[in-house]
Amino acid sequence: MRGKSSQEIGDLMQSMSNGELVALLKDFKVPYNHKRKRLKACEMIEEFKKQRENGYPQLKRSLMTPAQRKAADRKEETPEETRARQEADALQHSERRANETPEETRARQEADALQHTGAMMKKKDKIKSRWPSDDTTPWMQPGKDYILEFHQENPTTAQHLVYDVGGKWRERESFCAVAYMHVHERLEKRNDISSLDKLVGFCRIHIEGKKSLLESLKLAIPIENIKNEFDQWKNEDENKRLMNWHEARFEWLATTNVISLEDCKTRIVNWFESLKGLKLIVPGYWWNNCKAEDKSKLWRCEIESIDFHDAAKRYFKIKCEDDPYPDDCYEMSYEGVLKYVDVDQDGFSSFDLREQVPYFDPEYVAMCEKNQKLLNYIESNPSYDDEKKRYVDVIDVVTFLYSYIVSHDLFVILL
């Protein structure tokens with residue numbers, strides 16, 4: 001029945017005998033009696049379609065654990081019912097404690113201690129899953145991308161704490177930004193216009209990808225794959241050997257042809273943007289206030305755009321084929337995307353569908369968007385020649401990154 005409309009299911013069920021219909025309704029926990037009277041075949045079919053539109057609530061409940069059923073019941077309580085239940089529970093609890101024997105009190109305390117220990121172990125396991133590791137990247141931030149609690153139990157976490165406690169992690173991005181500025185200045189003094197244009201182009205790609213400058217540099221230059229070429233370039237003269245990690249990579253990227261800007265753009269692609277064009281099959285009941293006749297209809301949809309600032313985390317804007325309102329877009333969460341993705345679409349394997357949305361900083365994304373608008377304006381403004389545009393890149397792209405990482409003083413310089 002997967003993928004079939006209510007009409008198709010109704011036609012299929014009409015060819016079944018009464019016994020087969022009853023067996024089907026039993027399997028899906030759909031009522032087939034009303035006031036101790038067996039429903040007619042047409043009534044059973046309509047009841048089955050109705051329950052299907054509602055997601056088979058009785059079947060779902062039968063698959064729940066007792067704790068899940070209790071939680072579901074509590075969600076349906078009114079404020080008055082919740083208050084009454086809590087008062088009754090408190091009274092029952094106090095009466096039970098008052099009537100305990102010493103042995104029962106001791107047994108309860110031991111059970112509580114065991115339960116508390118179990119809860120602490122679960123909490124610790126959750127924390128351990130977010131510890132830094134050897135794969136933790138330099139652009140990740142403590143407290144957001146990894147945590148340092150219980151650091152005394154893990155050498156790698158303790159090592160990160162020693163480094164992070166002084167706030168040095170805030171300087172990582174600024175070092176990269178300063179290195180960019182140094183390389184830009186050297187290329188300008190040498191009047192190396194082609195290399196300068198490539199460096200500026202890389203910086204604009206990183207803004208489009210909405211990734212930090214440091215992360216973009218690492219992604220663009222997979223040093224493990226081009227180590228021989230890079231080492232050969234760096235050993236050409238003393239000045240190159242004395243460059244720091246960031247400056248050497250920026251200058252090597254700009255002045256050689258080993259990695260093109262197209263390669264950089266492919267590697268620095270924004271994960272969200274990469275899901276544009278993903279096709280979905282969405283049932284009508286997903287929409288609020290959907291007409292009854294459209295609830296069982298399956299709509300072919302496609303992710304058209306991304307909204308990074310949706311407070312409800314419905315980042316994906318989808319459009320539907322055959323939509324009576326062709327200009328409308330609908331916001332969907334990533335959980336919805338995973339649930340309704342069309343796995344049979346062409347090129348499905350090329351989409352990077354992860355278990356959850358990767359972490360991103362909304363403030364950083366907002367700055368990238370502001371700066372992208374500024375760059376687009378400058379690009380289309382005839383009063384800015386190529387030389388001015390290169391200066392704009394240094395001042396407006398790098399300076400705002402430096403300001404954000406070091407002091408979180410968000411600004412964009414408008415010329």
# chains A, B, ... in the order shown; residues from 1 in each chain; ligands from 1
$ residues_around --residues "range 239-251 of chain A" --least-positions-apart "6" --cutoff "9 Å" --atoms "only C-alpha atoms" --output "number ranges by chain"
A: 175-180, 182-184, 187, 195, 199, 214, 217, 221, 230, 233
$ residues_around --residues "range 139-146 of chain A" --least-positions-apart "2" --cutoff "12 Å" --atoms "only C-alpha atoms" --output "NGL selection string"
:A and (126-133 or 135-137 or 148-149 or 151 or 156-157 or 160-176 or 211-219 or 358-361 or 405)
$ select_by_dssp --residues "range 306-347 of chain A" --states "strand (DSSP E)" --output "ChimeraX atom specification"
/A:306,316-320,330-332
$ select_by_dssp --residues "range 39-248 of chain A" --states "alpha helix (DSSP H)" --output "ChimeraX atom specification"
/A:41-53,57-62,66-75,79-98,102-128,155-164,171-189,193-209,213-220,227-234,238-242,245-248
$ atom_distance --atom1 "CA of Phe28 in chain A" --atom2 "CA of Gly55 in chain A"
10.3 Å
$ residues_around --residues "Cys368 in chain A" --least-positions-apart "3" --cutoff "8 Å" --atoms "only C-alpha atoms" --output "JSON, numbers by chain"
{"A": [207, 208, 210, 364, 365, 371, 372]}
$ write_last_selection --atoms "N, CA, C and O atoms" --output "PDB file, in the first residue's frame"
ATOM      1  N   ILE A 207      33.164  32.885   0.927  1.00  0.00           N
ATOM      2  CA  ILE A 207      31.975  33.614   1.376  1.00  0.00           C
ATOM      3  C   ILE A 207      30.711  32.943   0.817  1.00  0.00           C
ATOM      4  O   ILE A 207      29.720  32.764   1.525  1.00  0.00           O
ATOM      5  N   GLU A 208      30.740  32.542  -0.440  1.00  0.00           N
ATOM      6  CA  GLU A 208      29.593  31.856  -1.042  1.00  0.00           C
ATOM      7  C   GLU A 208      29.301  30.548  -0.321  1.00  0.00           C
ATOM      8  O   GLU A 208      28.142  30.162  -0.145  1.00  0.00           O
ATOM      9  N   LYS A 210      29.825  29.978   2.766  1.00  0.00           N
ATOM     10  CA  LYS A 210      29.422  30.270   4.153  1.00  0.00           C
ATOM     11  C   LYS A 210      30.216  29.430   5.156  1.00  0.00           C
ATOM     12  O   LYS A 210      29.697  28.970   6.161  1.00  0.00           O
ATOM     13  N   TYR A 364      27.389  33.868  11.815  1.00  0.00           N
ATOM     14  CA  TYR A 364      28.422  33.830  10.784  1.00  0.00           C
ATOM     15  C   TYR A 364      27.784  33.788   9.394  1.00  0.00           C
ATOM     16  O   TYR A 364      28.215  34.489   8.474  1.00  0.00           O
ATOM     17  N   VAL A 365      26.752  32.972   9.253  1.00  0.00           N
ATOM     18  CA  VAL A 365      26.048  32.885   7.966  1.00  0.00           C
ATOM     19  C   VAL A 365      25.450  34.242   7.596  1.00  0.00           C
ATOM     20  O   VAL A 365      25.511  34.669   6.437  1.00  0.00           O
ATOM     21  N   ASN A 371      27.956  40.277   3.408  1.00  0.00           N
ATOM     22  CA  ASN A 371      29.137  40.580   2.617  1.00  0.00           C
ATOM     23  C   ASN A 371      28.963  40.162   1.162  1.00  0.00           C
ATOM     24  O   ASN A 371      29.485  40.805   0.253  1.00  0.00           O
ATOM     25  N   GLN A 372      28.213  39.075   0.931  1.00  0.00           N
ATOM     26  CA  GLN A 372      27.952  38.642  -0.434  1.00  0.00           C
ATOM     27  C   GLN A 372      27.137  39.704  -1.182  1.00  0.00           C
ATOM     28  O   GLN A 372      27.407  40.002  -2.356  1.00  0.00           O
TER      29      GLN A 372
END
$ residues_around --residues "Gly10 in chain A" --least-positions-apart "5" --cutoff "9 Å" --atoms "only C-alpha atoms" --output "PyMOL selection string"
chain A and resi 5+45-46+48-49
$ residues_around --residues "Cys329 in chain A" --least-positions-apart "3" --cutoff "6 Å" --atoms "only C-alpha atoms" --output "ChimeraX atom specification"
/A:317-319
$ residues_around --residues "range 282-287 of chain A" --least-positions-apart "5" --cutoff "10 Å" --atoms "only C-alpha atoms" --output "list of chain:residue names"
A:Gly3, A:Ser5, A:Glu53, A:Asn54, A:Gly55, A:Ala292, A:Glu293, A:Asp294, A:Lys295, A:Ser296, A:Lys297, A:Leu298, A:Trp299, A:Arg300, A:Cys301, A:Glu302, A:Cys320, A:Tyr330, A:Met332, A:Gly336, A:Val337, A:Lys339, A:Tyr340, A:Val341, A:Asp342
$ atom_distance --atom1 "CA of Met120 in chain A" --atom2 "CA of Asn154 in chain A"
17.3 Å
